[in-house]
file start_10.txt (compact mmCIF, C-alpha atoms and all ligand atoms)
# COMPACT_ATOMS: atom_id res chain seq x y z
CA MET F 1 0.00 0.00 0.00
CA SER F 2 1.46 3.36 -0.92
CA VAL F 3 1.17 6.08 1.71
CA LYS F 4 1.11 9.79 0.84
CA GLN F 5 4.42 11.55 1.41
CA LYS F 6 4.19 13.87 4.40
CA HIS F 7 5.53 17.40 4.07
CA ILE F 8 7.35 18.46 7.22
CA ALA F 9 8.46 21.78 8.75
CA ILE F 10 11.20 21.35 11.35
CA LEU F 11 11.45 24.24 13.79
CA GLY F 12 14.84 24.06 15.49
CA SER F 13 16.40 21.80 12.86
CA THR F 14 19.95 22.52 14.06
CA GLY F 15 19.37 21.20 17.60
CA SER F 16 19.57 17.73 19.09
CA ILE F 17 15.97 16.78 18.18
CA GLY F 18 16.09 18.67 14.86
CA THR F 19 19.19 16.86 13.60
CA GLN F 20 17.81 13.48 14.68
CA ALA F 21 14.53 14.28 12.90
CA LEU F 22 16.56 14.89 9.74
CA GLU F 23 18.28 11.51 10.21
CA VAL F 24 14.84 9.87 10.25
CA ILE F 25 13.79 11.77 7.13
CA ARG F 26 17.07 10.95 5.37
CA ALA F 27 16.36 7.25 5.96
CA HIS F 28 12.79 7.52 4.59
CA PRO F 29 12.84 9.70 1.49
CA LYS F 30 9.68 8.07 0.12
CA ASP F 31 7.70 8.94 3.24
CA PHE F 32 8.79 12.49 4.06
CA VAL F 33 9.68 15.75 2.31
CA VAL F 34 11.26 18.69 4.14
CA GLU F 35 9.37 21.96 3.51
CA VAL F 36 10.88 24.26 6.15
CA LEU F 37 14.01 24.33 8.31
CA THR F 38 14.66 26.92 11.02
CA ALA F 39 17.53 27.78 13.36
CA ASN F 40 18.32 30.47 15.88
CA GLY F 41 21.92 31.43 15.09
CA ASN F 42 23.67 28.35 13.71
CA ALA F 43 23.85 29.59 10.11
CA ASP F 44 26.52 27.08 9.00
CA LEU F 45 24.53 24.01 9.92
CA LEU F 46 21.28 25.47 8.60
CA ILE F 47 22.95 26.11 5.23
CA LYS F 48 24.37 22.60 5.12
CA GLN F 49 20.98 21.08 5.95
CA ALA F 50 19.24 23.25 3.37
CA ILE F 51 21.63 22.20 0.60
CA GLU F 52 21.07 18.53 1.44
CA PHE F 53 17.28 18.54 2.00
CA LYS F 54 16.28 21.32 -0.44
CA PRO F 55 13.35 22.74 1.56
CA ASN F 56 10.96 25.27 0.15
CA CYS F 57 12.33 27.82 2.65
CA VAL F 58 14.56 28.33 5.67
CA VAL F 59 14.34 30.84 8.52
CA ILE F 60 17.21 32.05 10.65
CA ALA F 61 15.82 33.69 13.81
CA ASP F 62 18.92 35.82 14.36
CA GLU F 63 18.48 38.58 11.79
CA LYS F 64 22.20 39.42 11.81
CA LYS F 65 22.85 36.05 10.14
CA TYR F 66 20.35 36.61 7.32
CA GLN F 67 22.86 37.79 4.73
CA THR F 68 25.22 34.87 5.37
CA VAL F 69 22.42 32.36 4.81
CA LYS F 70 21.00 34.26 1.83
CA ASP F 71 24.42 34.45 0.13
CA ALA F 72 25.16 30.77 0.71
CA LEU F 73 21.80 29.65 -0.67
CA GLY F 74 21.74 32.23 -3.49
CA LYS F 75 22.09 29.75 -6.32
CA HIS F 76 19.64 27.26 -4.83
CA ASP F 77 15.88 27.45 -5.23
CA ILE F 78 15.31 28.01 -1.49
CA LYS F 79 13.63 31.06 0.03
CA VAL F 80 15.43 32.61 2.99
CA PHE F 81 13.75 34.57 5.78
CA ALA F 82 14.88 35.93 9.14
CA GLY F 83 13.35 36.64 12.55
CA ASN F 84 10.94 34.85 14.85
CA LYS F 85 7.90 36.48 13.21
CA SER F 86 8.93 34.77 9.95
CA ILE F 87 8.88 31.39 11.70
CA GLU F 88 5.31 32.12 12.82
CA GLN F 89 4.40 32.95 9.21
CA VAL F 90 6.09 30.11 7.31
CA VAL F 91 4.47 27.39 9.46
CA GLN F 92 1.18 28.41 7.86
CA MET F 93 2.36 27.52 4.31
CA GLU F 94 -0.23 25.45 2.49
CA SER F 95 2.21 22.72 1.48
CA ILE F 96 3.01 21.73 5.10
CA ASP F 97 1.28 18.70 6.67
CA ILE F 98 3.18 18.42 9.98
CA VAL F 99 5.12 20.95 12.02
CA LEU F 100 7.78 19.38 14.22
CA THR F 101 8.40 21.79 17.08
CA ALA F 102 11.96 21.39 18.36
CA ILE F 103 12.78 24.95 19.40
CA VAL F 104 13.87 24.99 23.03
CA GLY F 105 11.87 26.83 25.69
CA TYR F 106 9.17 29.50 25.70
CA ALA F 107 10.53 30.71 22.33
CA GLY F 108 8.64 27.81 20.71
CA LEU F 109 5.18 28.86 21.90
CA ALA F 110 4.14 31.49 19.34
CA SER F 111 5.09 29.42 16.27
CA THR F 112 3.30 26.34 17.64
CA ILE F 113 0.12 28.35 18.21
CA SER F 114 0.43 29.82 14.71
CA ALA F 115 0.79 26.32 13.20
CA ILE F 116 -2.24 25.04 15.11
CA LYS F 117 -4.34 27.97 13.93
CA ALA F 118 -3.36 27.03 10.36
CA LYS F 119 -4.60 23.47 11.11
CA LYS F 120 -1.17 21.84 10.81
CA GLN F 121 -0.64 18.57 12.68
CA ILE F 122 1.96 18.99 15.42
CA ALA F 123 4.83 16.65 16.32
CA LEU F 124 5.70 18.17 19.67
CA ALA F 125 9.17 18.09 21.19
CA ASN F 126 8.94 21.60 22.65
CA LYS F 127 7.31 20.53 25.93
CA GLU F 128 7.54 24.09 27.29
CA THR F 129 4.64 25.01 24.96
CA LEU F 130 2.27 22.79 26.94
CA VAL F 131 3.83 23.70 30.27
CA VAL F 132 3.37 27.42 29.68
CA ALA F 133 -0.07 27.42 28.06
CA GLY F 134 -1.42 23.85 28.01
CA ASP F 135 -5.02 24.93 28.46
CA LEU F 136 -4.94 27.37 25.58
CA VAL F 137 -2.86 25.18 23.24
CA THR F 138 -4.97 22.02 23.74
CA SER F 139 -8.23 24.00 23.34
CA LEU F 140 -6.93 25.56 20.12
CA ALA F 141 -5.85 22.14 18.85
CA LYS F 142 -9.32 20.74 19.54
CA GLU F 143 -11.05 23.69 17.86
CA ASN F 144 -8.86 23.33 14.75
CA GLY F 145 -8.99 19.52 14.52
CA VAL F 146 -5.24 19.30 15.13
CA ASN F 147 -3.58 16.25 16.68
CA ILE F 148 -0.54 16.77 18.90
CA TYR F 149 1.82 13.79 18.52
CA PRO F 150 4.28 13.66 21.42
CA ILE F 151 8.00 13.29 20.78
CA ASP F 152 9.15 13.29 24.40
CA SER F 153 10.04 9.61 24.91
CA GLU F 154 7.83 9.20 28.00
CA HIS F 155 4.78 10.75 26.35
CA SER F 156 5.41 8.84 23.14
CA ALA F 157 5.48 5.68 25.27
CA ILE F 158 2.08 6.50 26.75
CA PHE F 159 0.74 7.39 23.31
CA GLN F 160 2.02 4.07 21.94
CA CYS F 161 0.44 2.17 24.86
CA MET F 162 -2.88 3.91 24.14
CA ALA F 163 -3.02 2.72 20.51
CA GLY F 164 -6.21 0.66 20.24
CA GLU F 165 -7.28 1.72 23.77
CA TRP F 166 -8.76 5.18 23.22
CA GLN F 167 -12.18 4.09 24.55
CA ASN F 168 -10.59 2.74 27.76
CA PRO F 169 -10.05 5.32 30.49
CA ILE F 170 -6.59 5.64 31.99
CA GLU F 171 -6.53 4.90 35.73
CA LYS F 172 -2.99 6.15 36.17
CA ILE F 173 0.27 6.72 34.33
CA TYR F 174 3.80 6.16 35.56
CA LEU F 175 6.31 8.53 33.99
CA THR F 176 9.75 7.00 34.24
CA ALA F 177 12.79 9.14 35.07
CA SER F 178 16.43 8.16 34.75
CA GLY F 179 17.24 10.22 37.85
CA GLY F 180 19.91 12.11 35.91
CA PRO F 181 23.65 12.30 36.66
CA PHE F 182 23.15 13.09 40.37
CA ARG F 183 20.75 10.28 41.33
CA GLY F 184 21.40 9.19 44.90
CA LYS F 185 23.46 12.27 45.78
CA ASP F 186 22.65 14.53 48.74
CA LYS F 187 22.55 18.33 49.09
CA ASN F 188 26.12 18.45 50.40
CA PHE F 189 27.34 16.89 47.18
CA LEU F 190 25.09 19.04 44.99
CA ALA F 191 26.26 22.27 46.64
CA SER F 192 29.52 22.17 44.72
CA VAL F 193 28.67 20.49 41.41
CA LYS F 194 29.86 22.23 38.25
CA LYS F 195 28.07 22.60 34.94
CA GLU F 196 30.45 20.12 33.28
CA GLN F 197 29.18 17.40 35.67
CA ALA F 198 25.53 18.41 35.23
CA LEU F 199 25.91 18.31 31.44
CA LYS F 200 26.91 14.62 31.51
CA HIS F 201 23.64 12.73 31.30
CA PRO F 202 24.06 8.97 31.86
CA ASN F 203 21.64 7.78 29.12
CA TRP F 204 20.70 10.57 26.70
CA GLU F 205 22.57 13.12 24.56
CA MET F 206 20.45 16.25 24.42
CA GLY F 207 20.62 20.03 24.18
CA ALA F 208 22.15 21.88 27.15
CA LYS F 209 18.92 23.24 28.64
CA ILE F 210 17.09 19.90 28.85
CA THR F 211 20.26 18.20 30.13
CA ILE F 212 20.37 20.60 33.09
CA ASP F 213 16.61 20.13 33.55
CA SER F 214 17.29 16.39 33.75
CA ALA F 215 19.97 16.90 36.39
CA THR F 216 17.66 19.02 38.60
CA LEU F 217 14.62 16.76 37.84
CA MET F 218 12.82 19.86 36.55
CA ASN F 219 12.57 17.99 33.26
CA LYS F 220 10.31 15.47 34.99
CA GLY F 221 8.36 18.33 36.61
CA LEU F 222 7.77 19.81 33.15
CA GLU F 223 6.83 16.39 31.78
CA VAL F 224 4.24 15.81 34.49
CA ILE F 225 2.50 19.02 33.37
CA GLU F 226 2.92 18.06 29.70
CA ALA F 227 1.29 14.67 30.39
CA LYS F 228 -1.66 16.26 32.17
CA TRP F 229 -2.51 18.28 29.06
CA LEU F 230 -1.71 15.66 26.43
CA PHE F 231 -3.74 12.87 28.05
CA HIS F 232 -6.40 14.92 29.92
CA LEU F 233 -5.34 13.61 33.33
CA LYS F 234 -6.00 14.75 36.87
CA PRO F 235 -2.84 15.46 38.91
CA GLU F 236 -3.46 12.43 41.14
CA GLN F 237 -3.36 10.14 38.08
CA ILE F 238 0.31 10.95 37.41
CA GLU F 239 3.18 9.30 39.26
CA VAL F 240 6.92 9.54 38.67
CA ILE F 241 9.13 6.50 39.17
CA VAL F 242 12.91 6.54 38.85
CA HIS F 243 14.18 3.85 36.47
CA PRO F 244 17.92 4.42 35.99
CA GLN F 245 18.34 2.23 32.89
CA SER F 246 15.83 4.25 30.76
CA ILE F 247 14.52 1.09 29.05
CA ILE F 248 10.87 1.33 30.11
CA HIS F 249 9.89 4.71 28.74
CA SER F 250 6.60 4.97 30.66
CA VAL F 251 3.58 2.92 31.74
CA VAL F 252 -0.21 3.21 31.47
CA GLN F 253 -2.41 1.49 34.04
CA PHE F 254 -6.02 0.83 33.01
CA LYS F 255 -9.10 0.49 35.22
CA ASP F 256 -8.84 -3.34 35.31
CA GLY F 257 -5.35 -2.98 36.82
CA SER F 258 -3.58 -4.04 33.61
CA MET F 259 -0.37 -2.11 32.94
CA LYS F 260 1.09 -1.49 29.49
CA ALA F 261 4.66 -0.30 29.10
CA GLN F 262 6.66 0.72 26.06
CA MET F 263 10.30 -0.34 26.04
CA GLY F 264 13.43 0.02 23.98
CA LEU F 265 16.97 1.31 24.12
CA PRO F 266 17.14 5.08 24.72
CA ASP F 267 17.11 6.58 21.23
CA MET F 268 15.08 9.70 20.44
CA ARG F 269 14.88 8.80 16.76
CA LEU F 270 12.23 6.21 17.57
CA PRO F 271 9.66 8.57 19.15
CA ILE F 272 10.47 11.18 16.46
CA GLN F 273 9.82 8.62 13.72
CA TYR F 274 6.60 7.40 15.36
CA ALA F 275 5.27 10.95 15.70
CA LEU F 276 5.93 11.58 12.02
CA SER F 277 4.69 8.25 10.68
CA PHE F 278 1.66 7.70 12.95
CA PRO F 279 -0.53 5.65 12.59
CA ASN F 280 2.01 3.53 10.72
CA ARG F 281 5.32 2.17 11.91
CA LEU F 282 8.26 2.44 9.54
CA THR F 283 11.30 0.17 9.43
CA SER F 284 14.45 1.27 11.25
CA ASP F 285 17.99 0.08 11.81
CA PHE F 286 18.07 1.44 15.39
CA LYS F 287 19.94 -0.88 17.74
CA ARG F 288 17.63 -3.52 19.22
CA PHE F 289 17.20 -4.21 22.93
CA ASN F 290 18.59 -7.46 24.33
CA PHE F 291 17.08 -8.63 27.64
CA LEU F 292 20.27 -10.44 28.59
CA ASP F 293 22.22 -7.17 28.52
CA TYR F 294 19.85 -5.83 31.20
CA PRO F 295 19.21 -8.61 33.74
CA ASN F 296 18.28 -6.00 36.38
CA LEU F 297 15.80 -3.31 35.52
CA SER F 298 15.33 -1.32 38.72
CA PHE F 299 12.88 1.23 40.12
CA GLU F 300 13.12 3.81 42.92
CA LYS F 301 11.05 6.55 44.52
CA PRO F 302 12.22 10.01 43.38
CA ASP F 303 14.01 12.06 46.05
CA THR F 304 11.86 15.19 45.91
CA GLU F 305 13.42 16.56 49.10
CA THR F 306 16.86 16.87 47.49
CA PHE F 307 15.59 17.50 43.96
CA ARG F 308 13.09 20.22 44.84
CA CYS F 309 12.35 21.10 41.19
CA LEU F 310 10.19 18.01 40.75
CA SER F 311 7.98 19.05 43.68
CA LEU F 312 7.77 22.55 42.23
CA GLY F 313 6.51 21.03 38.97
CA PHE F 314 3.76 19.17 40.84
CA GLU F 315 2.91 22.32 42.83
CA ALA F 316 2.56 24.37 39.65
CA MET F 317 0.35 21.71 38.07
CA ASN F 318 -1.89 21.53 41.15
CA LYS F 319 -2.21 25.30 41.33
CA GLY F 320 -3.11 25.71 37.64
CA GLY F 321 -3.66 29.13 36.02
CA ASN F 322 -0.38 30.85 35.13
CA ALA F 323 1.67 28.97 37.79
CA ALA F 324 3.39 26.64 35.32
CA CYS F 325 4.13 29.54 32.98
CA VAL F 326 5.91 31.29 35.87
CA LEU F 327 7.73 28.08 36.84
CA ASN F 328 8.96 27.67 33.27
CA ALA F 329 10.17 31.26 32.87
CA ALA F 330 12.02 31.22 36.19
CA ASN F 331 13.57 27.88 35.28
CA GLU F 332 14.82 29.20 31.92
CA ILE F 333 16.44 32.17 33.67
CA ALA F 334 17.96 30.02 36.42
CA VAL F 335 19.31 27.40 34.00
CA THR F 336 20.94 30.07 31.84
CA ALA F 337 22.44 31.63 34.99
CA PHE F 338 23.82 28.23 36.05
CA LEU F 339 25.23 27.56 32.57
CA THR F 340 27.00 30.92 32.63
CA ASP F 341 28.45 30.31 36.12
CA LYS F 342 26.32 32.99 37.79
CA ILE F 343 24.55 30.70 40.25
CA SER F 344 25.16 27.34 41.90
CA PHE F 345 23.25 24.16 41.10
CA LEU F 346 21.16 24.31 44.29
CA LYS F 347 20.27 27.94 43.69
CA ILE F 348 18.25 26.92 40.59
CA SER F 349 15.29 25.60 42.61
CA GLU F 350 15.55 28.52 45.06
CA VAL F 351 15.21 31.09 42.26
CA ILE F 352 12.21 29.24 40.83
CA GLU F 353 10.45 28.84 44.18
CA LYS F 354 10.88 32.50 45.14
CA THR F 355 9.72 33.67 41.70
CA MET F 356 6.61 31.51 42.02
CA GLU F 357 5.82 33.21 45.34
CA LYS F 358 6.21 36.70 43.90
CA VAL F 359 4.46 36.73 40.51
CA SER F 360 0.74 37.58 40.64
CA PHE F 361 -1.50 34.57 40.18
CA ILE F 362 -4.02 34.52 37.33
CA GLN F 363 -6.63 31.76 37.46
CA LYS F 364 -7.79 31.87 33.82
CA PRO F 365 -5.02 33.44 31.73
CA SER F 366 -5.45 34.61 28.15
CA TYR F 367 -2.55 34.44 25.67
CA GLU F 368 -1.65 38.03 26.58
CA ASP F 369 -1.66 37.09 30.28
CA TYR F 370 0.81 34.27 29.57
CA VAL F 371 3.09 36.68 27.70
CA LYS F 372 2.93 39.14 30.62
CA SER F 373 3.44 36.44 33.28
CA ASP F 374 6.45 35.09 31.39
CA ALA F 375 7.99 38.58 31.21
CA GLU F 376 7.23 39.37 34.86
CA ALA F 377 8.66 36.05 36.05
CA ARG F 378 11.86 36.54 34.03
CA LYS F 379 12.30 40.02 35.48
CA ILE F 380 11.78 38.85 39.06
CA ALA F 381 13.93 35.73 38.67
CA THR F 382 16.79 37.88 37.40
CA THR F 383 16.72 39.96 40.61
CA LEU F 384 17.05 36.85 42.78
CA TYR F 385 20.73 36.16 42.22
P1 LIG T 1 18.81 22.23 21.37
O1 LIG T 1 19.31 23.31 22.24
O2 LIG T 1 19.75 21.14 20.98
O3 LIG T 1 18.21 22.85 20.03
C1 LIG T 1 17.32 23.93 20.06
C2 LIG T 1 16.94 24.35 18.66
O4 LIG T 1 16.10 25.51 18.74
C3 LIG T 1 18.11 24.76 17.79
O5 LIG T 1 17.81 24.52 16.46
C4 LIG T 1 18.22 26.27 18.05
O6 LIG T 1 18.89 26.96 17.00
C5 LIG T 1 16.74 26.63 18.09
N1 LIG T 1 16.46 27.80 18.93
C6 LIG T 1 16.92 28.04 20.18
N2 LIG T 1 16.46 29.21 20.65
C7 LIG T 1 15.68 29.74 19.66
C8 LIG T 1 14.94 30.94 19.52
N3 LIG T 1 14.91 31.86 20.51
N4 LIG T 1 14.27 31.15 18.38
C9 LIG T 1 14.28 30.23 17.38
N5 LIG T 1 14.99 29.07 17.43
C10 LIG T 1 15.66 28.83 18.58
O7 LIG T 1 17.52 21.64 22.10
P2 LIG T 1 16.96 20.14 22.04
O8 LIG T 1 16.89 19.66 20.64
O9 LIG T 1 17.64 19.33 23.07
O10 LIG T 1 15.48 20.37 22.60
C11 LIG T 1 14.47 20.96 21.82
C12 LIG T 1 13.14 20.75 22.53
O11 LIG T 1 12.86 19.35 22.58
C13 LIG T 1 13.15 21.23 23.99
O12 LIG T 1 11.90 21.76 24.30
C14 LIG T 1 13.39 19.96 24.79
O13 LIG T 1 12.83 20.01 26.08
C15 LIG T 1 12.66 18.93 23.91
N6 LIG T 1 13.14 17.57 24.05
C16 LIG T 1 14.45 17.27 23.74
C17 LIG T 1 14.93 15.99 23.85
C18 LIG T 1 16.33 15.65 23.43
O14 LIG T 1 16.68 14.46 23.44
N7 LIG T 1 17.15 16.59 23.03
C19 LIG T 1 14.10 14.91 24.40
C20 LIG T 1 12.75 15.31 24.66
C21 LIG T 1 12.31 16.60 24.49
P3 LIG T 1 20.53 27.14 17.00
O15 LIG T 1 21.09 25.76 16.84
O16 LIG T 1 20.76 28.00 15.83
O17 LIG T 1 20.87 27.77 18.31

call {"tool": "encode", "arguments": {"input": "start_10.txt", "output": "structure tokens"}}
result
Amino acid sequence: MSVKQKHIAILGSTGSIGTQALEVIRAHPKDFVVEVLTANGNADLLIKQAIEFKPNCVVIADEKKYQTVKDALGKHDIKVFAGNKSIEQVVQMESIDIVLTAIVGYAGLASTISAIKAKKQIALANKETLVVAGDLVTSLAKENGVNIYPIDSEHSAIFQCMAGEWQNPIEKIYLTASGGPFRGKDKNFLASVKKEQALKHPNWEMGAKITIDSATLMNKGLEVIEAKWLFHLKPEQIEVIVHPQSIIHSVVQFKDGSMKAQMGLPDMRLPIQYALSFPNRLTSDFKRFNFLDYPNLSFEKPDTETFRCLSLGFEAMNKGGNAACVLNAANEIAVTAFLTDKISFLKISEVIEKTMEKVSFIQKPSYEDYVKSDAEARKIATTLY
């Protein structure tokens, strides 16, 4: 059976997820066509990708790099644009079927909303979009008949477990967490850790921001909120379990007590490929799991006392309104400060917690309220170190 080629826009094509998405597309030229590639400032890689994949257009967010990209692609039939507003515009192009959102952080929100309004299907890596404005984004998706296919491995696992089960209510989900590079460590140890240590994730190679989020367990806090919106769950239906080997990517428990898990070696190309090819599965040469290499899969309770960011994620989810938007903004500021040696590792959760106490709470935020809350939280967080 021949399946229609899907036309893809990759936002953040030069990042960890973006480059792996291009690997998937490179392996399946009959299934996918690249329509749009975007980057922030990495002009060299964007140019290289554009020459290989020949998209309809590219966007470089950093306007100072426009001329470099334009000159390099001059003799190719590829349109070149610059600036974040251009990203919001090109995602609406008629030829696009799916927009893969792999920009990091709050910066990915506006273009995702723009794509949803243009009725584009979304393959979502940019979890911050749902953390910041899950209510608004999922309502817009529903209104516009848009499906959001998760790329985060845990959410992809739940999505895969739900195939054929949509009429069966979820009793509970277990989001698995590797525990990051500092699993089992106490506050004394964490007080002096350096960014080089925090950037060494035991199981996954990812962009810098999410790698630090994994070390603080904020990544799991963000994922809890993401799961609530993606699968319409109540906070009490979501549990986090530490599973250091990252083989079981997450688990769904149904009302008869049956539990379904999705497993495999940690490799983001698999959830990326599934999000793009759904409802079909495509072949892959990804390394296969061998049970005998992993005789001991283990599970632990997360240490939310030491890794305060996970509790803050749950608190923000329970509070609702703009609380998660504030949490996200403060986290982005604190992570950047840590990565530029301005604050210590333990200070990250402190900055976030204090910001959450200070920003005014809005129960039912509009898009403009989210934009204001994000700005206010960033301003306050910056004064806290
Ligand atoms: P990276 O930092 O590796 O890549 C980010 C991408 O976004 C790059 O292409 C970057 O461009 C672009 N970008 C950054 N800032 C802006 C901006 N202000 N405007 C426009 N483009 C921008 O991140 P990851 O690929 O690791 O993560 C992307 C998203 O996917 C995050 O939300 C993360 O949480 C999520 N995710 C990532 C996973 C992973 O394995 N990496 C796993 C699960 C989820 P440039 O290269 O030019 O700077």

call {"tool": "closest_atom_pairs", "arguments": {"input": "start_10.txt", "of": "chain F", "to": "ligand LIG 1 (chain T)", "cutoff": "6 Å", "atoms": "all atoms listed in the file", "output": "Markdown table"}}
result
| residue | atom | partner | partner_atom | distance |
| --- | --- | --- | --- | --- |
| F:Gly12 | CA | T:LIG1 | O5 | 3.2 |
| F:Ser13 | CA | T:LIG1 | O5 | 4.7 |
| F:Thr14 | CA | T:LIG1 | O5 | 3.8 |
| F:Gly15 | CA | T:LIG1 | O3 | 3.2 |
| F:Ser16 | CA | T:LIG1 | O8 | 3.6 |
| F:Ile17 | CA | T:LIG1 | O8 | 3.9 |
| F:Gly18 | CA | T:LIG1 | O8 | 5.9 |
| F:Ala39 | CA | T:LIG1 | O6 | 4.0 |
| F:Asn40 | CA | T:LIG1 | O16 | 3.5 |
| F:Gly41 | CA | T:LIG1 | O16 | 3.7 |
| F:Asn42 | CA | T:LIG1 | O16 | 3.6 |
| F:Ala61 | CA | T:LIG1 | C9 | 5.2 |
| F:Ala102 | CA | T:LIG1 | C11 | 4.3 |
| F:Ile103 | CA | T:LIG1 | O4 | 3.4 |
| F:Val104 | CA | T:LIG1 | C13 | 3.9 |
| F:Gly105 | CA | T:LIG1 | O12 | 5.3 |
| F:Ala107 | CA | T:LIG1 | N3 | 4.9 |
| F:Ala125 | CA | T:LIG1 | O11 | 4.1 |
| F:Asn126 | CA | T:LIG1 | O12 | 3.4 |
| F:Lys127 | CA | T:LIG1 | O12 | 5.0 |
| F:Glu128 | CA | T:LIG1 | O12 | 5.8 |
| F:Asp152 | CA | T:LIG1 | C20 | 4.1 |
| F:Met206 | CA | T:LIG1 | N7 | 3.6 |
| F:Gly207 | CA | T:LIG1 | O9 | 3.3 |
| F:Ala208 | CA | T:LIG1 | O1 | 5.8 |
| F:Ile210 | CA | T:LIG1 | O13 | 5.1 |
| F:Met268 | CA | T:LIG1 | O14 | 5.8 |

call {"tool": "atom_distance", "arguments": {"input": "start_10.txt", "atom1": "atom CA of F:Ala324", "atom2": "atom CA of F:Glu88"}}
result
23.2 Å

call {"tool": "closest_residue", "arguments": {"input": "start_10.txt", "among": "F:Ser250, F:Ser298, F:Gln5, F:Ser258", "to": "F:Ile158", "atoms": "all atoms listed in the file"}}
result
F:Ser250

call {"tool": "atom_distance", "arguments": {"input": "start_10.txt", "atom1": "atom CA of F:Cys57", "atom2": "atom CA of F:Phe286"}}
result
29.9 Å

call {"tool": "residues_around", "arguments": {"input": "start_10.txt", "residues": "F:His155", "least_positions_apart": "4", "cutoff": "8 Å", "atoms": "all atoms listed in the file", "output": "PyMOL selection string"}}
result
chain F and resi 150-151+159+227+250
